[in-house]
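For reference, data.pdb (PDB, C-alpha atoms and all ligand atoms):
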```pdb
ATOM      1  CA  MET A   1      25.070  18.353  15.834
ATOM      2  CA  SER A   2      23.112  15.710  14.017
ATOM      3  CA  LEU A   3      21.553  12.796  15.836
ATOM      4  CA  ALA A   4      23.408  10.399  13.552
ATOM      5  CA  ALA A   5      26.689  11.935  14.730
ATOM      6  CA  ALA A   6      25.572  11.513  18.338
ATOM      7  CA  ALA A   7      25.329   7.763  17.891
ATOM      8  CA  PRO A   8      28.432   6.768  15.898
ATOM      9  CA  GLY A   9      28.333   3.279  14.470
ATOM     10  CA  ALA A  10      24.693   2.791  15.444
ATOM     11  CA  VAL A  11      23.297   3.522  12.006
ATOM     12  CA  ARG A  12      23.833   0.835   9.400
ATOM     13  CA  PHE A  13      22.276  -0.189   6.104
ATOM     14  CA  ALA A  14      22.272  -3.496   4.228
ATOM     15  CA  PRO A  15      22.539  -3.220   0.442
ATOM     16  CA  ILE A  16      19.932  -4.825  -1.814
ATOM     17  CA  GLU A  17      21.787  -5.978  -4.862
ATOM     18  CA  ARG A  18      19.048  -7.485  -7.002
ATOM     19  CA  CYS A  19      15.607  -6.434  -8.160
ATOM     20  CA  TRP A  20      12.972  -7.867  -5.799
ATOM     21  CA  ILE A  21      10.693  -8.658  -8.753
ATOM     22  CA  CYS A  22      12.820 -10.046 -11.586
ATOM     23  CA  GLY A  23      16.230 -10.599  -9.960
ATOM     24  CA  GLY A  24      17.914  -8.169 -12.356
ATOM     25  CA  SER A  25      21.126  -6.488 -11.203
ATOM     26  CA  SER A  26      21.112  -3.431 -13.482
ATOM     27  CA  LEU A  27      19.749  -0.900 -10.980
ATOM     28  CA  ALA A  28      20.072   2.863 -11.610
ATOM     29  CA  ARG A  29      19.649   5.543  -8.942
ATOM     30  CA  TYR A  30      16.834   8.023  -9.585
ATOM     31  CA  HIS A  31      15.797   9.676  -6.308
ATOM     32  CA  GLN A  32      17.213  10.020  -2.833
ATOM     33  CA  CYS A  33      14.625   9.843  -0.065
ATOM     34  CA  ARG A  34      15.193  11.359   3.357
ATOM     35  CA  LEU A  35      14.941   9.780   6.747
ATOM     36  CA  ASP A  36      13.594  11.994   9.519
ATOM     37  CA  PHE A  37      12.615  10.441  12.836
ATOM     38  CA  THR A  38      13.171  13.435  15.064
ATOM     39  CA  GLU A  39       9.687  13.024  16.551
ATOM     40  CA  TYR A  40      10.745   9.560  17.786
ATOM     41  CA  VAL A  41      13.663  10.907  19.852
ATOM     42  CA  ARG A  42      12.013   9.975  23.166
ATOM     43  CA  GLN A  43       9.958   6.991  22.013
ATOM     44  CA  ASP A  44      12.725   5.214  20.078
ATOM     45  CA  PRO A  45      16.243   6.765  20.127
ATOM     46  CA  GLU A  46      17.741   3.978  17.993
ATOM     47  CA  LEU A  47      15.248   4.709  15.222
ATOM     48  CA  ALA A  48      15.721   8.461  15.668
ATOM     49  CA  ALA A  49      19.453   7.981  15.062
ATOM     50  CA  TYR A  50      18.665   7.380  11.372
ATOM     51  CA  SER A  51      17.451  10.990  11.001
ATOM     52  CA  GLY A  52      19.386  13.010   8.490
ATOM     53  CA  ARG A  53      20.432  10.009   6.418
ATOM     54  CA  GLY A  54      19.314   9.446   2.847
ATOM     55  CA  VAL A  55      18.518   6.274   0.902
ATOM     56  CA  TRP A  56      18.631   6.105  -2.880
ATOM     57  CA  LEU A  57      15.780   4.594  -4.838
ATOM     58  CA  VAL A  58      16.951   2.573  -7.831
ATOM     59  CA  ARG A  59      15.056   1.459 -10.916
ATOM     60  CA  CYS A  60      15.523  -1.954 -12.513
ATOM     61  CA  ALA A  61      16.506  -1.723 -16.191
ATOM     62  CA  ALA A  62      14.871  -5.072 -16.932
ATOM     63  CA  CYS A  63      11.366  -4.715 -15.429
ATOM     64  CA  GLY A  64      10.996  -1.040 -14.461
ATOM     65  CA  PHE A  65      10.473  -1.707 -10.744
ATOM     66  CA  GLY A  66      11.775   0.855  -8.231
ATOM     67  CA  GLN A  67      13.115  -0.114  -4.788
ATOM     68  CA  PRO A  68      15.603   1.147  -2.156
ATOM     69  CA  GLU A  69      19.297   0.647  -2.759
ATOM     70  CA  ALA A  70      19.659  -0.421   0.876
ATOM     71  CA  LEU A  71      17.542  -0.929   3.995
ATOM     72  CA  PRO A  72      18.286   0.000   7.610
ATOM     73  CA  THR A  73      19.621  -2.970   9.570
ATOM     74  CA  LEU A  74      17.798  -1.813  12.717
ATOM     75  CA  PRO A  75      15.731  -4.825  13.855
ATOM     76  CA  ARG A  76      11.986  -4.368  13.204
ATOM     77  CA  TYR A  77      12.639  -1.027  11.482
ATOM     78  CA  PHE A  78       9.204  -0.948   9.790
ATOM     79  CA  ASP A  79       7.276  -2.108  12.860
ATOM     80  CA  ARG A  80       8.978   0.594  14.905
ATOM     81  CA  MET A  81       8.260   3.274  12.305
ATOM     82  CA  TYR A  82       4.583   2.252  12.179
ATOM     83  CA  ASP A  83       4.257   2.132  15.964
ATOM     84  CA  GLN A  84       1.729   4.947  15.866
ATOM     85  CA  ARG A  85      -0.385   5.391  18.937
ATOM     86  CA  TRP A  86      -3.488   6.854  17.360
ATOM     87  CA  ASP A  87      -6.196   8.012  19.680
ATOM     88  CA  GLU A  88      -9.502   6.183  19.601
ATOM     89  CA  ALA A  89     -11.498   9.123  18.256
ATOM     90  CA  TRP A  90      -9.188   9.349  15.224
ATOM     91  CA  VAL A  91      -9.539   5.611  14.562
ATOM     92  CA  GLU A  92     -13.331   5.890  14.740
ATOM     93  CA  ARG A  93     -13.252   8.768  12.261
ATOM     94  CA  GLU A  94     -11.160   6.598   9.920
ATOM     95  CA  PHE A  95     -13.878   3.942  10.024
ATOM     96  CA  GLU A  96     -16.547   6.536   9.209
ATOM     97  CA  ALA A  97     -14.477   8.334   6.537
ATOM     98  CA  SER A  98     -15.654   7.845   2.961
ATOM     99  CA  TYR A  99     -12.596   9.151   1.053
ATOM    100  CA  LYS A 100     -11.670   5.658  -0.197
ATOM    101  CA  ASP A 101     -15.210   4.418  -0.876
ATOM    102  CA  PHE A 102     -14.949   4.948  -4.630
ATOM    103  CA  ILE A 103     -11.851   2.710  -4.667
ATOM    104  CA  PHE A 104     -13.499   0.129  -2.395
ATOM    105  CA  ARG A 105     -16.720  -0.037  -4.443
ATOM    106  CA  THR A 106     -14.746  -0.441  -7.664
ATOM    107  CA  ILE A 107     -12.856  -3.389  -6.159
ATOM    108  CA  LEU A 108     -16.049  -5.021  -4.826
ATOM    109  CA  ARG A 109     -17.773  -4.659  -8.190
ATOM    110  CA  GLU A 110     -14.854  -6.323  -9.996
ATOM    111  CA  LEU A 111     -14.493  -9.117  -7.438
ATOM    112  CA  SER A 112     -18.185  -9.937  -7.539
ATOM    113  CA  ARG A 113     -17.801 -10.390 -11.304
ATOM    114  CA  ARG A 114     -14.772 -12.651 -10.911
ATOM    115  CA  VAL A 115     -15.781 -14.822  -7.947
ATOM    116  CA  PRO A 116     -18.892 -16.992  -8.371
ATOM    117  CA  GLY A 117     -21.840 -16.207  -6.077
ATOM    118  CA  GLY A 118     -22.987 -18.076  -2.988
ATOM    119  CA  GLU A 119     -21.060 -18.153   0.283
ATOM    120  CA  ARG A 120     -18.059 -16.019  -0.588
ATOM    121  CA  ARG A 121     -15.250 -15.388   1.875
ATOM    122  CA  LEU A 122     -13.007 -12.339   1.629
ATOM    123  CA  LEU A 123      -9.831 -11.482   3.537
ATOM    124  CA  ASP A 124      -8.710  -7.854   3.640
ATOM    125  CA  VAL A 125      -4.959  -7.655   4.307
ATOM    126  CA  GLY A 126      -4.164  -4.406   6.093
ATOM    127  CA  ALA A 127      -7.773  -3.826   7.137
ATOM    128  CA  HIS A 128      -7.002  -0.532   8.970
ATOM    129  CA  ALA A 129     -10.152   0.625  10.836
ATOM    130  CA  GLY A 130     -12.397  -1.835   8.933
ATOM    131  CA  ARG A 131     -14.161   0.451   6.449
ATOM    132  CA  PHE A 132     -13.620  -1.905   3.485
ATOM    133  CA  MET A 133     -14.642  -4.968   5.528
ATOM    134  CA  HIS A 134     -17.862  -3.130   6.419
ATOM    135  CA  LEU A 135     -18.652  -2.297   2.775
ATOM    136  CA  ALA A 136     -17.852  -5.868   1.705
ATOM    137  CA  GLN A 137     -20.229  -7.236   4.345
ATOM    138  CA  ALA A 138     -22.960  -4.960   3.036
ATOM    139  CA  ALA A 139     -22.284  -6.424  -0.439
ATOM    140  CA  GLY A 140     -22.859  -9.948   0.882
ATOM    141  CA  TRP A 141     -19.311 -11.179   1.559
ATOM    142  CA  HIS A 142     -18.251 -13.093   4.651
ATOM    143  CA  VAL A 143     -15.264 -11.016   5.707
ATOM    144  CA  GLU A 144     -12.136 -11.350   7.798
ATOM    145  CA  GLY A 145      -9.205  -8.994   8.122
ATOM    146  CA  ILE A 146      -5.537  -8.858   8.965
ATOM    147  CA  GLU A 147      -4.492  -5.765  10.910
ATOM    148  CA  LEU A 148      -1.383  -5.569  13.062
ATOM    149  CA  ASN A 149      -2.015  -2.228  14.758
ATOM    150  CA  PRO A 150      -3.959  -3.085  17.932
ATOM    151  CA  ARG A 151      -6.096   0.071  17.939
ATOM    152  CA  THR A 152      -7.264  -0.119  14.331
ATOM    153  CA  ALA A 153      -7.691  -3.901  14.617
ATOM    154  CA  ALA A 154      -9.939  -3.448  17.665
ATOM    155  CA  CYS A 155     -12.048  -0.879  15.822
ATOM    156  CA  ALA A 156     -12.395  -3.117  12.741
ATOM    157  CA  ALA A 157     -13.452  -6.088  14.867
ATOM    158  CA  ARG A 158     -15.905  -4.049  16.946
ATOM    159  CA  ARG A 159     -17.553  -2.294  14.011
ATOM    160  CA  THR A 160     -17.882  -5.373  11.761
ATOM    161  CA  GLY A 161     -18.261  -8.161  14.321
ATOM    162  CA  ALA A 162     -15.936 -10.160  12.054
ATOM    163  CA  PRO A 163     -12.586 -11.834  12.837
ATOM    164  CA  VAL A 164      -9.601  -9.491  12.597
ATOM    165  CA  HIS A 165      -6.328 -11.392  12.855
ATOM    166  CA  GLN A 166      -3.385  -9.627  14.472
ATOM    167  CA  VAL A 167      -0.847 -11.886  12.757
ATOM    168  CA  ASN A 168       0.880 -11.580   9.414
ATOM    169  CA  ALA A 169      -0.333 -13.317   6.261
ATOM    170  CA  HIS A 170       2.343 -16.028   6.518
ATOM    171  CA  ALA A 171       1.036 -17.161   9.918
ATOM    172  CA  LEU A 172      -2.546 -17.230   8.615
ATOM    173  CA  ALA A 173      -1.558 -19.301   5.570
ATOM    174  CA  ASP A 174       0.336 -21.753   7.794
ATOM    175  CA  ASP A 175      -2.882 -22.103   9.769
ATOM    176  CA  GLY A 176      -4.589 -23.491   6.656
ATOM    177  CA  ARG A 177      -7.019 -20.583   6.120
ATOM    178  CA  ARG A 178      -8.408 -20.135   2.603
ATOM    179  CA  TYR A 179     -10.575 -17.409   1.038
ATOM    180  CA  ASP A 180     -12.372 -16.842  -2.247
ATOM    181  CA  ALA A 181     -10.882 -13.365  -2.504
ATOM    182  CA  VAL A 182      -7.998 -11.531  -0.853
ATOM    183  CA  THR A 183      -7.584  -7.763  -1.114
ATOM    184  CA  LEU A 184      -4.502  -5.604  -0.574
ATOM    185  CA  THR A 185      -5.417  -1.932  -0.928
ATOM    186  CA  ASP A 186      -2.570   0.534  -0.363
ATOM    187  CA  VAL A 187      -0.604  -2.185   1.427
ATOM    188  CA  LEU A 188       1.841  -3.843  -0.956
ATOM    189  CA  GLU A 189       3.920  -0.694  -1.507
ATOM    190  CA  HIS A 190       4.968  -0.834   2.158
ATOM    191  CA  ILE A 191       6.317  -4.414   2.348
ATOM    192  CA  PRO A 192       9.926  -5.260   1.365
ATOM    193  CA  ASP A 193      10.365  -8.219  -0.992
ATOM    194  CA  PRO A 194       6.749  -8.094  -2.227
ATOM    195  CA  VAL A 195       6.832 -11.348  -4.222
ATOM    196  CA  ARG A 196       7.312 -13.215  -0.955
ATOM    197  CA  LEU A 197       4.086 -11.734   0.469
ATOM    198  CA  LEU A 198       2.198 -12.305  -2.800
ATOM    199  CA  THR A 199       3.313 -15.952  -2.816
ATOM    200  CA  THR A 200       1.808 -16.334   0.651
ATOM    201  CA  VAL A 201      -1.354 -14.557  -0.500
ATOM    202  CA  ALA A 202      -1.594 -17.043  -3.385
ATOM    203  CA  ALA A 203      -1.648 -19.817  -0.788
ATOM    204  CA  LEU A 204      -4.489 -18.039   1.046
ATOM    205  CA  VAL A 205      -6.724 -17.937  -2.053
ATOM    206  CA  GLU A 206      -8.834 -20.960  -3.003
ATOM    207  CA  PRO A 207      -8.028 -22.369  -6.455
ATOM    208  CA  GLY A 208      -9.975 -20.247  -8.925
ATOM    209  CA  GLY A 209     -10.349 -17.393  -6.403
ATOM    210  CA  SER A 210      -9.086 -13.866  -6.946
ATOM    211  CA  VAL A 211      -6.675 -11.350  -5.526
ATOM    212  CA  ALA A 212      -7.115  -7.586  -5.871
ATOM    213  CA  VAL A 213      -4.052  -5.359  -5.390
ATOM    214  CA  LYS A 214      -4.106  -1.566  -5.423
ATOM    215  CA  VAL A 215      -0.830   0.397  -5.288
ATOM    216  CA  PRO A 216       0.370   3.845  -6.364
ATOM    217  CA  CYS A 217       1.979   3.821  -9.811
ATOM    218  CA  GLY A 218       5.680   4.514  -9.142
ATOM    219  CA  PRO A 219       6.745   6.255 -12.385
ATOM    220  CA  SER A 220       3.582   8.408 -12.558
ATOM    221  CA  GLN A 221       3.846   9.505  -8.914
ATOM    222  CA  PHE A 222       7.508  10.437  -9.446
ATOM    223  CA  LEU A 223       6.643  12.514 -12.517
ATOM    224  CA  LYS A 224       3.767  14.201 -10.661
ATOM    225  CA  GLU A 225       6.098  15.091  -7.779
ATOM    226  CA  ARG A 226       8.689  16.516 -10.175
ATOM    227  CA  VAL A 227       6.073  18.635 -11.977
ATOM    228  CA  LEU A 228       4.640  19.975  -8.699
ATOM    229  CA  ALA A 229       8.143  20.743  -7.350
ATOM    230  CA  SER A 230       8.974  22.672 -10.533
ATOM    231  CA  LEU A 231       5.739  24.706 -10.306
ATOM    232  CA  LEU A 232       5.836  25.382  -6.558
ATOM    233  CA  PRO A 233       9.242  26.654  -5.391
ATOM    234  CA  SER A 234       8.575  25.822  -1.740
ATOM    235  CA  ARG A 235       7.755  22.207  -2.499
ATOM    236  CA  ARG A 236      10.372  19.478  -2.670
ATOM    237  CA  ILE A 237       9.993  16.037  -4.182
ATOM    238  CA  SER A 238       8.566  13.730  -1.527
ATOM    239  CA  LEU A 239       8.335  10.202  -2.792
ATOM    240  CA  ALA A 240       9.222   7.729  -0.077
ATOM    241  CA  ASP A 241      10.522   9.663   2.908
ATOM    242  CA  ASN A 242      11.444   7.345   5.783
ATOM    243  CA  LEU A 243      10.977   4.493   3.282
ATOM    244  CA  VAL A 244       7.226   4.456   3.889
ATOM    245  CA  HIS A 245       6.955   3.188   0.324
ATOM    246  CA  VAL A 246       9.625   0.628  -0.541
ATOM    247  CA  ASN A 247       7.975  -0.739  -3.705
ATOM    248  CA  HIS A 248       7.449   1.532  -6.711
ATOM    249  CA  PHE A 249       5.525  -0.539  -9.231
ATOM    250  CA  SER A 250       5.159   0.123 -12.931
ATOM    251  CA  PRO A 251       2.267  -1.683 -14.670
ATOM    252  CA  GLY A 252       4.707  -4.258 -16.077
ATOM    253  CA  SER A 253       6.504  -4.970 -12.817
ATOM    254  CA  LEU A 254       3.193  -5.345 -10.927
ATOM    255  CA  ARG A 255       2.061  -7.890 -13.494
ATOM    256  CA  LEU A 256       5.384  -9.735 -13.236
ATOM    257  CA  ALA A 257       5.257  -9.754  -9.415
ATOM    258  CA  LEU A 258       1.833 -11.447  -9.474
ATOM    259  CA  GLU A 259       2.941 -13.972 -12.094
ATOM    260  CA  ARG A 260       6.089 -14.804 -10.125
ATOM    261  CA  ALA A 261       3.913 -15.421  -7.066
ATOM    262  CA  GLY A 262       1.975 -18.050  -9.036
ATOM    263  CA  PHE A 263      -1.105 -16.065 -10.073
ATOM    264  CA  THR A 264      -2.560 -16.327 -13.579
ATOM    265  CA  HIS A 265      -5.011 -14.289 -15.661
ATOM    266  CA  VAL A 266      -3.385 -11.068 -14.430
ATOM    267  CA  THR A 267      -4.953  -7.776 -15.467
ATOM    268  CA  VAL A 268      -3.439  -4.415 -14.527
ATOM    269  CA  GLU A 269      -5.697  -1.370 -14.857
ATOM    270  CA  THR A 270      -5.659   2.241 -13.793
ATOM    271  CA  GLY A 271      -6.585   2.428 -10.112
ATOM    272  CA  ALA A 272      -9.486   4.544  -8.863
ATOM    273  CA  PRO A 273      -8.613   7.766  -6.982
ATOM    274  CA  GLU A 274      -9.424   8.882  -3.467
ATOM    275  CA  LEU A 275     -12.180  11.507  -3.452
ATOM    276  CA  LEU A 276     -12.588  14.372  -0.997
ATOM    277  CA  PRO A 277     -15.519  13.676   1.332
ATOM    278  CA  PRO A 278     -18.253  16.250   2.079
ATOM    279  CA  ASP A 279     -17.025  19.059   4.327
ATOM    280  CA  GLY A 280     -17.563  22.792   4.670
ATOM    281  CA  ARG A 281     -15.866  23.719   1.375
ATOM    282  CA  ARG A 282     -18.308  22.370  -1.154
ATOM    283  CA  TRP A 283     -16.999  24.039  -4.318
ATOM    284  CA  ARG A 284     -13.389  23.165  -3.609
ATOM    285  CA  ARG A 285     -14.412  19.542  -3.112
ATOM    286  CA  LEU A 286     -16.497  19.420  -6.272
ATOM    287  CA  ALA A 287     -13.693  20.968  -8.351
ATOM    288  CA  SER A 288     -11.010  18.720  -6.920
ATOM    289  CA  ASN A 289     -13.085  15.565  -7.359
ATOM    290  CA  ALA A 290     -13.999  16.571 -10.918
ATOM    291  CA  VAL A 291     -10.287  16.790 -11.773
ATOM    292  CA  ARG A 292      -9.544  13.455 -10.109
ATOM    293  CA  LEU A 293     -12.426  11.691 -11.859
ATOM    294  CA  GLY A 294     -11.518  13.310 -15.181
ATOM    295  CA  VAL A 295      -7.911  12.117 -14.962
ATOM    296  CA  TYR A 296      -9.137   8.660 -13.913
ATOM    297  CA  ALA A 297     -11.547   8.488 -16.853
ATOM    298  CA  ALA A 298      -8.811   9.497 -19.301
ATOM    299  CA  ALA A 299      -6.361   7.037 -17.742
ATOM    300  CA  SER A 300      -8.932   4.263 -18.028
ATOM    301  CA  LEU A 301      -9.084   4.494 -21.823
ATOM    302  CA  PRO A 302      -7.534   1.503 -23.631
ATOM    303  CA  GLY A 303      -3.742   1.565 -23.319
ATOM    304  CA  ALA A 304      -3.665   4.579 -20.990
ATOM    305  CA  VAL A 305      -2.529   2.547 -17.953
ATOM    306  CA  GLY A 306       1.002   2.956 -19.366
ATOM    307  CA  THR A 307       0.790   6.773 -19.414
ATOM    308  CA  PRO A 308       1.593   9.248 -16.600
ATOM    309  CA  LEU A 309      -2.166   9.813 -16.138
ATOM    310  CA  ALA A 310      -2.385   6.471 -14.335
ATOM    311  CA  LEU A 311      -1.444   7.639 -10.839
ATOM    312  CA  ASN A 312      -2.622   4.385  -9.244
ATOM    313  CA  LEU A 313      -2.641   0.781 -10.393
ATOM    314  CA  GLN A 314      -5.322  -1.829  -9.749
ATOM    315  CA  ALA A 315      -4.508  -5.457 -10.490
ATOM    316  CA  TYR A 316      -6.684  -8.568 -10.389
ATOM    317  CA  ALA A 317      -5.406 -12.115 -10.760
ATOM    318  CA  ARG A 318      -6.535 -15.691 -10.276
ATOM    319  CA  ALA A 319      -4.986 -18.294  -7.981
ATOM    320  CA  GLY A 320      -4.336 -21.901  -8.872
ATOM    321  CA  GLY A 321      -5.539 -21.453 -12.404
ATOM    322  CA  ARG A 322      -2.353 -22.419 -14.227
ATOM    323  CA  ARG A 323      -3.207 -24.384 -17.357
TER     324      ARG A 323
HETATM  325 ZN    ZN B 401      13.435  -6.047 -12.199
END
```
Will you turn the file into structure tokens for me?
Ligand SMILES: [Zn+2]
Amino acid sequence: MSLAAAAPGAVRFAPIERCWICGGSSLARYHQCRLDFTEYVRQDPELAAYSGRGVWLVRCAACGFGQPEALPTLPRYFDRMYDQRWDEAWVEREFEASYKDFIFRTILRELSRRVPGGERRLLDVGAHAGRFMHLAQAAGWHVEGIELNPRTAACAARRTGAPVHQVNAHALADDGRRYDAVTLTDVLEHIPDPVRLLTTVAALVEPGGSVAVKVPCGPSQFLKERVLASLLPSRRISLADNLVHVNHFSPGSLRLALERAGFTHVTVETGAPELLPPDGRRWRRLASNAVRLGVYAAASLPGAVGTPLALNLQAYARAGGRR
């Protein structure tokens, strides 16, 4: 007996009829993602009741953006899904972990080019355990973060000594806070209706300041999953199970999302990859990182951001610079 059958009528979805980025209504199904919350049976039975259901992803014919065809109507669905009670030792290891440092250093290098020197303030949205805030401090930025998970927020605040706000970006913008740079690294793909968040982020950036957004590239990740599933019989396509990713950006739709939010001077490049950190298996790490860096180098050639080699996208844009 499925859990969904055990709770008749409790599981509902609300359709999304228009593209979140361009408003287009020509949306074609391309992949069905699975919902599986069996491990939440005790913690959250209402969420667990969605297990076994599927949600189609649809692609907009006009702008190339991919999004769910419908969302669960369960109140605070995403908050409940992300209600992970990590233990403190794991959170500390996340602060120490260097697997994203190549991405972080690339972003800091670009932002320091775009934002004039002096007293520069940076807000990291989705600060996690605070690793990026720490690296930004070391590069001379005055940093703050937004992090909703209490355990990671506490770690980020303790390790950086900087303010970590446990409120969403809308509340911070209403408070009148402004920054020279705002970063969203592996965050925007998780938030429904992303132009709404980006519009708020635009209000958080001082005129002339910059935003940096890193997301997975939707079409490239889908192709990669299909290739791996065809090569490895035991592997199935896993793209957005449980709707962990609701936004599947192409380079064009990421650009459009930033423009619709009021940003100007938008550039969309190939995003830097995660790299395996030092561990006991040195040769495996070196080989894997060589492949990742090789693909990244090829995908960074002029025009290659539009090819399947660009597995991640990195965008920069300016606020308040409309001429
Ligand atoms: Zn669209």
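Among the candidate residues A:Arg235, A:Arg255, A:Arg318, A:Arg285, the one lying nearest to ligand ZN 401 (chain B) is A:Arg255, with distances computed using all atoms listed in the file.
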Would you translate the PyMOL selection byres (((not hetatm)) within 8 of (chain B and resi 401)) into the concrete set of residues it matches in this file, as a ChimeraX atom specification? /A:18-25,59-65,253
Residue selection dump (C-alpha atoms) as a PDB file, keeping the file's coordinate frame:
```pdb
ATOM      1  CA  ARG A  18      19.048  -7.485  -7.002  1.00  0.00           C
ATOM      2  CA  CYS A  19      15.607  -6.434  -8.160  1.00  0.00           C
ATOM      3  CA  TRP A  20      12.972  -7.867  -5.799  1.00  0.00           C
ATOM      4  CA  ILE A  21      10.693  -8.658  -8.753  1.00  0.00           C
ATOM      5  CA  CYS A  22      12.820 -10.046 -11.586  1.00  0.00           C
ATOM      6  CA  GLY A  23      16.230 -10.599  -9.960  1.00  0.00           C
ATOM      7  CA  GLY A  24      17.914  -8.169 -12.356  1.00  0.00           C
ATOM      8  CA  SER A  25      21.126  -6.488 -11.203  1.00  0.00           C
ATOM      9  CA  ARG A  59      15.056   1.459 -10.916  1.00  0.00           C
ATOM     10  CA  CYS A  60      15.523  -1.954 -12.513  1.00  0.00           C
ATOM     11  CA  ALA A  61      16.506  -1.723 -16.191  1.00  0.00           C
ATOM     12  CA  ALA A  62      14.871  -5.072 -16.932  1.00  0.00           C
ATOM     13  CA  CYS A  63      11.366  -4.715 -15.429  1.00  0.00           C
ATOM     14  CA  GLY A  64      10.996  -1.040 -14.461  1.00  0.00           C
ATOM     15  CA  PHE A  65      10.473  -1.707 -10.744  1.00  0.00           C
ATOM     16  CA  SER A 253       6.504  -4.970 -12.817  1.00  0.00           C
TER      17      SER A 253
END
```
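Distance annotation: of A:Asp193, A:Asp174, A:Asp180, A:Glu69, the residue with the minimal separation from Leu123 (chain A) is A:Asp180; atom set is all atoms listed in the file.
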Give as an NGL selection string the residues that the PyMOL selection byres (((chain A and resi 154-165) around 10) and not hetatm) matches when applied to the coordinates above. :A and (88 or 91-92 or 94-95 or 123-135 or 137 or 142-153 or 166-169 or 171-172)
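CA of Val213 (chain A) to CA of Arg76 (chain A) spans 24.6 Å [interatomic distance, one decimal].
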Please rebuild region 163-168 of chain A with all heavy atoms and return the result as a tab-separated table (two decimals), in the coordinates of the input.
```
chain	number	residue	atom	x	y	z
A	163	PRO	N	-13.94	-11.56	12.33
A	163	PRO	CA	-12.59	-11.83	12.84
A	163	PRO	C	-11.56	-10.89	12.22
A	163	PRO	O	-11.54	-10.70	11.00
A	163	PRO	CB	-12.33	-13.28	12.38
A	163	PRO	CG	-13.67	-13.86	12.05
A	163	PRO	CD	-14.51	-12.70	11.59
A	164	VAL	N	-10.72	-10.31	13.07
A	164	VAL	CA	-9.60	-9.49	12.60
A	164	VAL	C	-8.34	-10.08	13.21
A	164	VAL	O	-8.16	-10.05	14.43
A	164	VAL	CB	-9.77	-8.01	13.00
A	164	VAL	CG1	-8.57	-7.20	12.54
A	164	VAL	CG2	-11.06	-7.45	12.39
A	165	HIS	N	-7.51	-10.67	12.38
A	165	HIS	CA	-6.33	-11.39	12.86
A	165	HIS	C	-5.16	-10.43	13.05
A	165	HIS	O	-4.81	-9.69	12.12
A	165	HIS	CB	-5.94	-12.47	11.84
A	165	HIS	CG	-7.07	-13.38	11.47
A	165	HIS	ND1	-7.43	-14.46	12.25
A	165	HIS	CD2	-7.95	-13.36	10.43
A	165	HIS	CE1	-8.47	-15.07	11.69
A	165	HIS	NE2	-8.81	-14.42	10.58
A	166	GLN	N	-4.56	-10.47	14.23
A	166	GLN	CA	-3.38	-9.63	14.47
A	166	GLN	C	-2.11	-10.45	14.28
A	166	GLN	O	-1.24	-10.49	15.14
A	166	GLN	CB	-3.44	-9.01	15.86
A	166	GLN	CG	-4.47	-7.89	15.95
A	166	GLN	CD	-4.36	-7.15	17.27
A	166	GLN	OE1	-3.35	-6.55	17.59
A	166	GLN	NE2	-5.42	-7.20	18.04
A	167	VAL	N	-2.05	-11.13	13.14
A	167	VAL	CA	-0.85	-11.89	12.76
A	167	VAL	C	-0.58	-11.56	11.30
A	167	VAL	O	-1.46	-11.04	10.60
A	167	VAL	CB	-1.05	-13.41	12.90
A	167	VAL	CG1	-1.32	-13.78	14.34
A	167	VAL	CG2	-2.17	-13.91	12.00
A	168	ASN	N	0.62	-11.87	10.82
A	168	ASN	CA	0.88	-11.58	9.41
A	168	ASN	C	0.30	-12.68	8.52
A	168	ASN	O	-0.15	-13.74	8.99
A	168	ASN	CB	2.37	-11.32	9.16
A	168	ASN	CG	3.23	-12.54	9.40
A	168	ASN	OD1	2.78	-13.67	9.17
A	168	ASN	ND2	4.45	-12.32	9.85
```
